[in-house]
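Novice: If you scroll down you'll find the structure; I have some questions about it.
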Amino acid sequence: MSKTPDTSDNNIDEKLAVIRHILLHGDRARIEQLEEIIQNTDLLSEHVNPIIDHKIANIKDDFSNVFGNEVGTEFEKKLLLSEDLLLTVLSPMMGKMMRKYISKEIQGLKDKIDQQFKRSFSFKRYYHLIRAKVFGIESSAIILAGLEDFKTRIQDIFIIQRNSGLVLGSAHASEAELGDGDIFSGMLTAIKAFGEDAFNKAGSEKQELEFIEYDSNKIFLQSHHNYFFAAVLNGTMSLSEKDDLANQLMEFADKEKKLNLQEINGEDSAYISDQLKNTFFSQD
Amino acid sequence: MEIKKKIILTGSFGVGKTSLFSRFIYSEFDEKYLTTIGVKVDKKTINIDNDTNLNIMLWDIAGEVAQDKVPLSYFLGTSGIIYVFDLTRPMTYNNILADIEYLKNILPEATVKIIGNKKDLVTTAHIESVISGLPVECDMTTSAKTGENVEQLFQSMGEALMI
Ligand SMILES: Nc1nc2c(ncn2[C@@H]2O[C@H](COP(=O)(O)OP(=O)(O)O)[C@@H](O)[C@H]2O)c(=O)[nH]1
Ligand SMILES: [Mg+2]
């Protein structure tokens with residue numbers, strides 16, 4: 001153990017194989033296939049166009065049901081006449097999402113792609129986008145409206161000290177916790193360290209894990225200098241939901257300067273937990 | 001007052017780290033990750049005095065994993081190190097000086113306790129001769145089998161961390 005860490009290729013490969021297995025369940029081939037599709041415009045439109053067409057057809061068929069109560073008939077008529085409007089609203093979103101798939105979002109790729117599409121292009125999101133365009137609502141207001149969707153699926157948020165794995169603060173959707181939060185956070189820290197160690201030894205640019213799966217939960221991680229956030233989510237989240245959550249956590253980090261203290265006592269920790277609860281689990 | 005500290009158990013394979021750990025702690029964590037990531041984290045609360053509780057987060061490095069392959073960051077952020085050797089196997093303490101120096105180098109601030117385990121298998125005379133031959137001071141001898149000195153080990157570590 002006094003020896004320097006083994007950095008031989010064998011060891012790295014071994015570790016990478018293991019971590020890939022945890023993260024991807026051997027889905028490498030599928031990812032490569034997807035990357036190829038995404039980078040090739042023709043292939044991409046072959047896959048995406050039918051979905052757009054299908055969704056437009058759906059919106060047409062189902063428009064009154066979905067939007068009937070919300071939208072005045074004048075607007076409804078106008079929109080139905082204007083397929084162009086729909087396309088201009090939808091296309092940029094497609095492009096953005098595809099780019100995100102190929103940027104280090106390995107975890108997103110693991111999910112069944114078809115499912116992802118269905119969820120990301122739900123009517124609710126169309127509705128927000130259309131409203132944004134037509135009624136001129138600020139996009140931030142739209143994000144807030146969409147936020148409720150995933151908020152209900154956040155089960156726990158932990159703020160965990162880097163390296164030591166000690167909990168600086170935590171908040172939970174229900175009082176029935178997932179077990180002991182301290183142990184959970186310690187193990188999470190170890191899993192994170194293990195994964196990052198394997199990736200970083202392989203000589204690639206420094207990477208931090210963004211997602212870990214545990215039982216039926218997905219854990220979203222966001223690293224800061226002295227600590228990281230771990231949000232335990234029930235089920236999966238769409239990429240735009242993920243962005244919303246990431247922004248919320250960033251804002252929280254900016255606001256709560258106590259998080260940067262070197263030593264955190266019980267009182268600080270209780271304060272931070274309270275703030276977390278107010279921000280992410282308030283009833284109103 | 002509630003305080004939390006991270007402690008790591010280290011030493012050669014088979015010296016009894018996990019046995020000491022499970023003597024001390026009973027809860028279980030999902031086993032499927034343990035073999036992969038090579039560490040198990042558990043918690044024990046030690047009562048320091050009437051109004052102070054110390055929550056020890058104990059990291060046990062899995063036996064099958066060679067220590068030099070343990071990610072360095074497992075050691076970081078640690079307040080206390082319990083270095084265990086096996087009183088019956090010289091192999092497990094021949095390298096003790098280099099091992100301790102390695103640890104002190106990574107964790108200059110940490111409290112280190114050096115533990116000779118499996119004392120139930122050897123005579124008092126044997127223990128004395130092993131300990132006097134060591135280049136470092138042995139803090140305590142234990143038996144994870146009989147439980148001798150196990151509570152004391154963690155209690156004394158806890159108290160040392162409070163100073
Ligand atoms: N007689 C005796 N056996 C022990 C003691 N501690 C551990 N063992 C045995 O030594 C073996 C290795 O123990 P383990 O805790 O897995 O060692 P680790 O690799 O350091 O975690 C097991 O068969 C234990 O039952 C002890 O104090 N006395
Ligand atoms: Mg062990």
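Residue numbering restarts at 1 for every chain of the structure tokens, chains are lettered A, B, ... in their displayed order, and ligands are numbered from 1 as they appear.
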Chain B near chain A within 9 Å: what's each residue's closest atom pair and its distance in Å to one decimal, counting only C-alpha atoms, ordered by chain then ascending residue number, as JSON lines?

Specialist:
```
{"residue": "B:Met1", "atom": "CA", "partner": "A:Gly266", "partner_atom": "CA", "distance": 6.9}
{"residue": "B:Glu2", "atom": "CA", "partner": "A:Gly266", "partner_atom": "CA", "distance": 5.8}
{"residue": "B:Ile3", "atom": "CA", "partner": "A:Gly266", "partner_atom": "CA", "distance": 6.8}
{"residue": "B:Lys4", "atom": "CA", "partner": "A:Leu166", "partner_atom": "CA", "distance": 7.0}
{"residue": "B:Lys5", "atom": "CA", "partner": "A:Leu166", "partner_atom": "CA", "distance": 7.4}
{"residue": "B:Lys6", "atom": "CA", "partner": "A:Ser164", "partner_atom": "CA", "distance": 5.9}
{"residue": "B:Ile7", "atom": "CA", "partner": "A:Ser164", "partner_atom": "CA", "distance": 8.9}
{"residue": "B:Gly11", "atom": "CA", "partner": "A:Met1", "partner_atom": "CA", "distance": 8.2}
{"residue": "B:Ser12", "atom": "CA", "partner": "A:Met1", "partner_atom": "CA", "distance": 8.1}
{"residue": "B:Phe29", "atom": "CA", "partner": "A:Ile183", "partner_atom": "CA", "distance": 8.1}
{"residue": "B:Tyr33", "atom": "CA", "partner": "A:Ile191", "partner_atom": "CA", "distance": 8.2}
{"residue": "B:Thr36", "atom": "CA", "partner": "A:Val18", "partner_atom": "CA", "distance": 7.1}
{"residue": "B:Ile37", "atom": "CA", "partner": "A:Phe194", "partner_atom": "CA", "distance": 6.2}
{"residue": "B:Gly38", "atom": "CA", "partner": "A:Phe194", "partner_atom": "CA", "distance": 8.8}
{"residue": "B:Val39", "atom": "CA", "partner": "A:Ala190", "partner_atom": "CA", "distance": 7.2}
{"residue": "B:Lys40", "atom": "CA", "partner": "A:Met187", "partner_atom": "CA", "distance": 6.9}
{"residue": "B:Val41", "atom": "CA", "partner": "A:Met187", "partner_atom": "CA", "distance": 5.8}
{"residue": "B:Asp42", "atom": "CA", "partner": "A:Ile183", "partner_atom": "CA", "distance": 5.5}
{"residue": "B:Lys43", "atom": "CA", "partner": "A:Ile183", "partner_atom": "CA", "distance": 6.3}
{"residue": "B:Met57", "atom": "CA", "partner": "A:Ile183", "partner_atom": "CA", "distance": 7.4}
{"residue": "B:Leu58", "atom": "CA", "partner": "A:Gly186", "partner_atom": "CA", "distance": 8.9}
{"residue": "B:Trp59", "atom": "CA", "partner": "A:Gly186", "partner_atom": "CA", "distance": 8.2}
{"residue": "B:Ala66", "atom": "CA", "partner": "A:Met1", "partner_atom": "CA", "distance": 7.3}
{"residue": "B:Gln67", "atom": "CA", "partner": "A:Met1", "partner_atom": "CA", "distance": 4.8}
{"residue": "B:Asp68", "atom": "CA", "partner": "A:Met1", "partner_atom": "CA", "distance": 4.4}
{"residue": "B:Lys69", "atom": "CA", "partner": "A:Pro5", "partner_atom": "CA", "distance": 5.7}
{"residue": "B:Val70", "atom": "CA", "partner": "A:Pro5", "partner_atom": "CA", "distance": 7.7}
{"residue": "B:Pro71", "atom": "CA", "partner": "A:Asp197", "partner_atom": "CA", "distance": 6.3}
{"residue": "B:Leu72", "atom": "CA", "partner": "A:Pro5", "partner_atom": "CA", "distance": 8.0}
{"residue": "B:Ser73", "atom": "CA", "partner": "A:Asn163", "partner_atom": "CA", "distance": 6.2}
{"residue": "B:Tyr74", "atom": "CA", "partner": "A:Ala190", "partner_atom": "CA", "distance": 6.5}
{"residue": "B:Phe75", "atom": "CA", "partner": "A:Asn163", "partner_atom": "CA", "distance": 7.8}
{"residue": "B:Leu76", "atom": "CA", "partner": "A:Asn163", "partner_atom": "CA", "distance": 5.3}
{"residue": "B:Gly77", "atom": "CA", "partner": "A:Ser164", "partner_atom": "CA", "distance": 4.1}
{"residue": "B:Thr78", "atom": "CA", "partner": "A:Ser164", "partner_atom": "CA", "distance": 6.0}
{"residue": "B:Ser79", "atom": "CA", "partner": "A:Ser164", "partner_atom": "CA", "distance": 8.6}
{"residue": "B:Asn95", "atom": "CA", "partner": "A:Ser2", "partner_atom": "CA", "distance": 8.2}
{"residue": "B:Ala98", "atom": "CA", "partner": "A:Ser2", "partner_atom": "CA", "distance": 5.9}
{"residue": "B:Asp99", "atom": "CA", "partner": "A:Ser2", "partner_atom": "CA", "distance": 4.9}
{"residue": "B:Ile100", "atom": "CA", "partner": "A:Ser2", "partner_atom": "CA", "distance": 8.2}
{"residue": "B:Glu101", "atom": "CA", "partner": "A:Ser2", "partner_atom": "CA", "distance": 8.0}
{"residue": "B:Tyr102", "atom": "CA", "partner": "A:Ser2", "partner_atom": "CA", "distance": 5.6}
{"residue": "B:Leu103", "atom": "CA", "partner": "A:Ser2", "partner_atom": "CA", "distance": 8.2}
```

Novice: Restricting it to N, CA and C atoms, dump the selection as a short mmCIF file (atom, residue, chain, number, x, y, z; two decimals), in the first residue's frame.

Specialist:
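Result saved to result_12.cif:
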```
data_model
loop_
_atom_site.label_atom_id
_atom_site.label_comp_id
_atom_site.auth_asym_id
_atom_site.auth_seq_id
_atom_site.Cartn_x
_atom_site.Cartn_y
_atom_site.Cartn_z
N MET B 1 -24.75 18.39 21.52
CA MET B 1 -24.04 18.77 20.31
C MET B 1 -23.75 17.51 19.46
N GLU B 2 -23.99 17.64 18.15
CA GLU B 2 -23.74 16.53 17.23
C GLU B 2 -22.53 16.85 16.36
N ILE B 3 -21.58 15.94 16.36
CA ILE B 3 -20.38 16.15 15.53
C ILE B 3 -20.20 14.91 14.64
N LYS B 4 -19.69 15.14 13.43
CA LYS B 4 -19.44 14.00 12.53
C LYS B 4 -17.99 13.97 12.09
N LYS B 5 -17.42 12.79 12.02
CA LYS B 5 -16.05 12.63 11.54
C LYS B 5 -15.95 11.38 10.67
N LYS B 6 -15.05 11.45 9.72
CA LYS B 6 -14.78 10.26 8.89
C LYS B 6 -13.54 9.54 9.41
N ILE B 7 -13.67 8.23 9.53
CA ILE B 7 -12.55 7.39 9.95
C ILE B 7 -12.37 6.29 8.93
N GLY B 11 -5.04 -1.46 6.23
CA GLY B 11 -4.12 -2.53 6.60
C GLY B 11 -4.25 -3.66 5.60
N SER B 12 -3.36 -4.66 5.71
CA SER B 12 -3.32 -5.73 4.71
C SER B 12 -4.59 -6.56 4.70
N PHE B 29 -25.56 -2.17 4.17
CA PHE B 29 -25.80 -1.38 2.97
C PHE B 29 -25.84 -2.34 1.80
N TYR B 33 -22.99 -2.96 -4.51
CA TYR B 33 -21.99 -1.95 -4.83
C TYR B 33 -20.64 -2.24 -4.16
N THR B 36 -17.86 -3.92 -6.06
CA THR B 36 -17.40 -3.11 -7.19
C THR B 36 -16.54 -1.94 -6.76
N ILE B 37 -17.02 -1.19 -5.82
CA ILE B 37 -16.29 0.02 -5.48
C ILE B 37 -15.27 -0.21 -4.39
N GLY B 38 -15.33 -1.35 -3.71
CA GLY B 38 -14.28 -1.72 -2.79
C GLY B 38 -14.29 -1.00 -1.46
N VAL B 39 -15.39 -0.46 -1.07
CA VAL B 39 -15.43 0.16 0.25
C VAL B 39 -16.84 0.07 0.81
N LYS B 40 -16.91 0.00 2.11
CA LYS B 40 -18.21 0.00 2.77
C LYS B 40 -18.19 1.11 3.81
N VAL B 41 -19.22 1.91 3.80
CA VAL B 41 -19.29 3.00 4.75
C VAL B 41 -20.42 2.71 5.74
N ASP B 42 -20.11 2.88 7.01
CA ASP B 42 -21.18 2.72 7.99
C ASP B 42 -21.00 3.72 9.13
N LYS B 43 -21.95 3.71 10.02
CA LYS B 43 -21.98 4.79 11.02
C LYS B 43 -22.14 4.24 12.43
N MET B 57 -18.26 8.14 10.89
CA MET B 57 -18.53 7.51 9.60
C MET B 57 -17.30 6.68 9.28
N LEU B 58 -17.47 5.36 9.31
CA LEU B 58 -16.35 4.45 9.20
C LEU B 58 -16.26 3.86 7.80
N TRP B 59 -15.12 4.02 7.16
CA TRP B 59 -14.90 3.48 5.81
C TRP B 59 -14.03 2.24 5.91
N ALA B 66 -6.44 -4.65 -3.52
CA ALA B 66 -5.11 -4.29 -3.05
C ALA B 66 -5.12 -2.82 -2.64
N GLN B 67 -4.46 -2.52 -1.54
CA GLN B 67 -4.53 -1.17 -0.99
C GLN B 67 -4.00 -0.10 -1.94
N ASP B 68 -3.02 -0.46 -2.75
CA ASP B 68 -2.47 0.56 -3.64
C ASP B 68 -3.38 0.84 -4.84
N LYS B 69 -4.45 0.09 -4.92
CA LYS B 69 -5.41 0.37 -5.99
C LYS B 69 -6.61 1.15 -5.48
N VAL B 70 -6.61 1.41 -4.21
CA VAL B 70 -7.70 2.17 -3.63
C VAL B 70 -7.60 3.62 -4.12
N PRO B 71 -8.70 4.18 -4.64
CA PRO B 71 -8.63 5.58 -5.08
C PRO B 71 -8.14 6.46 -3.94
N LEU B 72 -7.20 7.31 -4.25
CA LEU B 72 -6.61 8.18 -3.24
C LEU B 72 -7.70 8.96 -2.49
N SER B 73 -8.75 9.33 -3.22
CA SER B 73 -9.76 10.18 -2.57
C SER B 73 -10.53 9.45 -1.47
N TYR B 74 -10.47 8.12 -1.44
CA TYR B 74 -11.09 7.43 -0.31
C TYR B 74 -10.44 7.87 1.00
N PHE B 75 -9.16 8.18 0.92
CA PHE B 75 -8.45 8.56 2.14
C PHE B 75 -8.67 10.02 2.53
N LEU B 76 -8.97 10.85 1.51
CA LEU B 76 -9.05 12.28 1.78
C LEU B 76 -10.24 12.62 2.67
N GLY B 77 -10.13 13.73 3.39
CA GLY B 77 -11.22 14.15 4.25
C GLY B 77 -11.38 13.29 5.49
N THR B 78 -10.35 12.48 5.78
CA THR B 78 -10.40 11.57 6.92
C THR B 78 -9.79 12.20 8.17
N SER B 79 -10.49 12.10 9.28
CA SER B 79 -9.96 12.64 10.54
C SER B 79 -9.16 11.60 11.31
N ASN B 95 5.84 -4.24 6.69
CA ASN B 95 5.90 -3.00 5.91
C ASN B 95 5.32 -1.80 6.66
N ALA B 98 6.66 2.02 6.37
CA ALA B 98 6.39 2.67 5.07
C ALA B 98 4.91 2.97 4.91
N ASP B 99 4.09 2.03 5.34
CA ASP B 99 2.64 2.24 5.24
C ASP B 99 2.18 3.46 6.04
N ILE B 100 2.66 3.55 7.25
CA ILE B 100 2.24 4.66 8.11
C ILE B 100 2.76 5.98 7.56
N GLU B 101 3.99 5.95 7.05
CA GLU B 101 4.52 7.19 6.45
C GLU B 101 3.70 7.63 5.24
N TYR B 102 3.33 6.65 4.46
CA TYR B 102 2.48 6.93 3.29
C TYR B 102 1.18 7.62 3.73
N LEU B 103 0.56 7.07 4.76
CA LEU B 103 -0.70 7.62 5.24
C LEU B 103 -0.52 9.01 5.84
#
```

Novice: Pull the closest atom pair for each residue of chain B that gets at most 9 Å from ligand 1, along with the distance in Å to one decimal, counting only C-alpha atoms and all ligand atoms, ordering rows by chain and then ascending residue number, as JSON lines.

Specialist:
```
{"residue": "B:Leu9", "atom": "CA", "partner": "ligand 1", "partner_atom_place_in_ligand_line": "20 (O)", "distance": 8.6}
{"residue": "B:Thr10", "atom": "CA", "partner": "ligand 1", "partner_atom_place_in_ligand_line": "20 (O)", "distance": 7.6}
{"residue": "B:Gly11", "atom": "CA", "partner": "ligand 1", "partner_atom_place_in_ligand_line": "20 (O)", "distance": 6.7}
{"residue": "B:Ser12", "atom": "CA", "partner": "ligand 1", "partner_atom_place_in_ligand_line": "20 (O)", "distance": 6.3}
{"residue": "B:Phe13", "atom": "CA", "partner": "ligand 1", "partner_atom_place_in_ligand_line": "19 (O)", "distance": 4.1}
{"residue": "B:Gly14", "atom": "CA", "partner": "ligand 1", "partner_atom_place_in_ligand_line": "19 (O)", "distance": 3.4}
{"residue": "B:Val15", "atom": "CA", "partner": "ligand 1", "partner_atom_place_in_ligand_line": "20 (O)", "distance": 4.0}
{"residue": "B:Gly16", "atom": "CA", "partner": "ligand 1", "partner_atom_place_in_ligand_line": "15 (O)", "distance": 3.3}
{"residue": "B:Lys17", "atom": "CA", "partner": "ligand 1", "partner_atom_place_in_ligand_line": "20 (O)", "distance": 3.7}
{"residue": "B:Thr18", "atom": "CA", "partner": "ligand 1", "partner_atom_place_in_ligand_line": "15 (O)", "distance": 3.7}
{"residue": "B:Ser19", "atom": "CA", "partner": "ligand 1", "partner_atom_place_in_ligand_line": "15 (O)", "distance": 3.6}
{"residue": "B:Leu20", "atom": "CA", "partner": "ligand 1", "partner_atom_place_in_ligand_line": "15 (O)", "distance": 6.5}
{"residue": "B:Phe21", "atom": "CA", "partner": "ligand 1", "partner_atom_place_in_ligand_line": "15 (O)", "distance": 7.7}
{"residue": "B:Ser22", "atom": "CA", "partner": "ligand 1", "partner_atom_place_in_ligand_line": "15 (O)", "distance": 8.3}
{"residue": "B:Asp60", "atom": "CA", "partner": "ligand 1", "partner_atom_place_in_ligand_line": "21 (O)", "distance": 7.5}
{"residue": "B:Ile61", "atom": "CA", "partner": "ligand 1", "partner_atom_place_in_ligand_line": "21 (O)", "distance": 7.4}
{"residue": "B:Ala62", "atom": "CA", "partner": "ligand 1", "partner_atom_place_in_ligand_line": "21 (O)", "distance": 6.3}
{"residue": "B:Gly63", "atom": "CA", "partner": "ligand 1", "partner_atom_place_in_ligand_line": "19 (O)", "distance": 3.8}
{"residue": "B:Glu64", "atom": "CA", "partner": "ligand 1", "partner_atom_place_in_ligand_line": "19 (O)", "distance": 7.1}
{"residue": "B:Val84", "atom": "CA", "partner": "ligand 1", "partner_atom_place_in_ligand_line": "20 (O)", "distance": 7.5}
{"residue": "B:Phe85", "atom": "CA", "partner": "ligand 1", "partner_atom_place_in_ligand_line": "20 (O)", "distance": 8.2}
{"residue": "B:Asp86", "atom": "CA", "partner": "ligand 1", "partner_atom_place_in_ligand_line": "6 (N)", "distance": 8.2}
{"residue": "B:Asn117", "atom": "CA", "partner": "ligand 1", "partner_atom_place_in_ligand_line": "27 (O)", "distance": 5.3}
{"residue": "B:Lys118", "atom": "CA", "partner": "ligand 1", "partner_atom_place_in_ligand_line": "27 (O)", "distance": 3.3}
{"residue": "B:Lys119", "atom": "CA", "partner": "ligand 1", "partner_atom_place_in_ligand_line": "27 (O)", "distance": 6.1}
{"residue": "B:Asp120", "atom": "CA", "partner": "ligand 1", "partner_atom_place_in_ligand_line": "28 (N)", "distance": 5.7}
{"residue": "B:Leu121", "atom": "CA", "partner": "ligand 1", "partner_atom_place_in_ligand_line": "1 (N)", "distance": 5.6}
{"residue": "B:Thr142", "atom": "CA", "partner": "ligand 1", "partner_atom_place_in_ligand_line": "27 (O)", "distance": 6.4}
{"residue": "B:Ser143", "atom": "CA", "partner": "ligand 1", "partner_atom_place_in_ligand_line": "27 (O)", "distance": 3.4}
{"residue": "B:Ala144", "atom": "CA", "partner": "ligand 1", "partner_atom_place_in_ligand_line": "27 (O)", "distance": 3.7}
{"residue": "B:Lys145", "atom": "CA", "partner": "ligand 1", "partner_atom_place_in_ligand_line": "27 (O)", "distance": 4.4}
{"residue": "B:Thr146", "atom": "CA", "partner": "ligand 1", "partner_atom_place_in_ligand_line": "27 (O)", "distance": 6.8}
{"residue": "B:Gly147", "atom": "CA", "partner": "ligand 1", "partner_atom_place_in_ligand_line": "27 (O)", "distance": 7.5}
{"residue": "B:Glu148", "atom": "CA", "partner": "ligand 1", "partner_atom_place_in_ligand_line": "27 (O)", "distance": 8.3}
```

Novice: Grab the atom CA of A:Ile159 to atom CA of A:Ser238 distance for me, in Å with one decimal place.

Specialist: 22.6 Å

Novice: Closest to A:Gly181 among A:Ala253, A:Ala246, A:Ile154, A:Ile160, using only C-alpha atoms?

Specialist: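 The shortest atom-to-atom distance to A:Gly181 comes from A:Ile160.
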
Novice: Between atom CA of B:Ile81 and atom CA of B:Thr111, what is the distance, to one decimal in Å?

Specialist: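 So the two atoms, atom CA of B:Ile81 and atom CA of B:Thr111, lie 6.1 Å apart.
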
Novice: Enumerate, as a list in words, the complete set of residues in stretch 70-148 of chain B that a backbone-based DSSP assignment places in alpha helix (DSSP H).

Specialist: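 These are the residues in question: Leu72, Ser73, Tyr74, Phe75, Ile96, Leu97, Ala98, Asp99, Ile100, Glu101, Tyr102, Leu103, Lys104, Asn105, Ile106, Thr124, Ala125, His126, Ile127, Glu128, Ser129, Val130, Ile131 and Ser132 of chain B.
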
Novice: Once you have the residues from the selection above, write them out as a compact mmCIF listing (two decimals), in the first residue's frame, restricted to C-alpha atoms.

Specialist:
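Writing done, so here's out.txt:
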```txt
# COMPACT_ATOMS: atom_id res chain seq x y z
CA LEU B 72 -6.61 8.18 -3.24
CA SER B 73 -9.76 10.18 -2.57
CA TYR B 74 -11.09 7.43 -0.31
CA PHE B 75 -8.45 8.56 2.14
CA ILE B 96 4.29 -1.02 8.70
CA LEU B 97 6.71 1.91 8.78
CA ALA B 98 6.39 2.67 5.07
CA ASP B 99 2.64 2.24 5.24
CA ILE B 100 2.24 4.66 8.11
CA GLU B 101 4.52 7.19 6.45
CA TYR B 102 2.48 6.93 3.29
CA LEU B 103 -0.70 7.62 5.24
CA LYS B 104 0.79 10.48 7.24
CA ASN B 105 1.96 12.00 4.03
CA ILE B 106 -1.53 12.01 2.53
CA THR B 124 0.87 -12.53 25.92
CA ALA B 125 4.58 -13.23 25.50
CA HIS B 126 4.18 -13.44 21.74
CA ILE B 127 2.26 -10.16 21.70
CA GLU B 128 4.98 -8.45 23.68
CA SER B 129 7.75 -9.65 21.43
CA VAL B 130 5.87 -8.60 18.26
CA ILE B 131 5.09 -5.16 19.60
CA SER B 132 8.58 -4.47 20.91
```

Novice: Can you tell me how far atom CA of A:Thr279 sits from atom CA of A:Ile212, in Å to one decimal?

Specialist: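 Taking atom CA of A:Thr279 as the start and atom CA of A:Ile212 as the end point, the length is 23.1 Å.
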
Novice: Going by DSSP on the backbone, which bits of chain B are strand (DSSP E)? Write them as a ChimeraX atom specification, please.

Specialist: /B:2-10,39-49,52-61,80-86,111-117,140-141

Novice: Could you list, as a PyMOL selection string, every residue within 10 Å of A:Ser273, counting only C-alpha atoms and ignoring same-chain residues fewer than 2 positions away?

Specialist: chain A and resi 157-159+167-172+267-271+275-279

Novice: Considering only C-alpha atoms and all ligand atoms, state which residue in the set B:Thr52, B:Gly133, B:Tyr93, B:Ile8 is at the smallest distance from ligand 2.

Specialist: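 Closest residue, counting only C-alpha atoms and all ligand atoms: B:Ile8.
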
Novice: Hey, what's within 12 Å of A:Lys255 if we count only C-alpha atoms and toss same-chain stuff fewer than 4 positions away? As a PyMOL selection string, please?

Specialist: chain A and resi 248-251+259-260+272+275-276+279
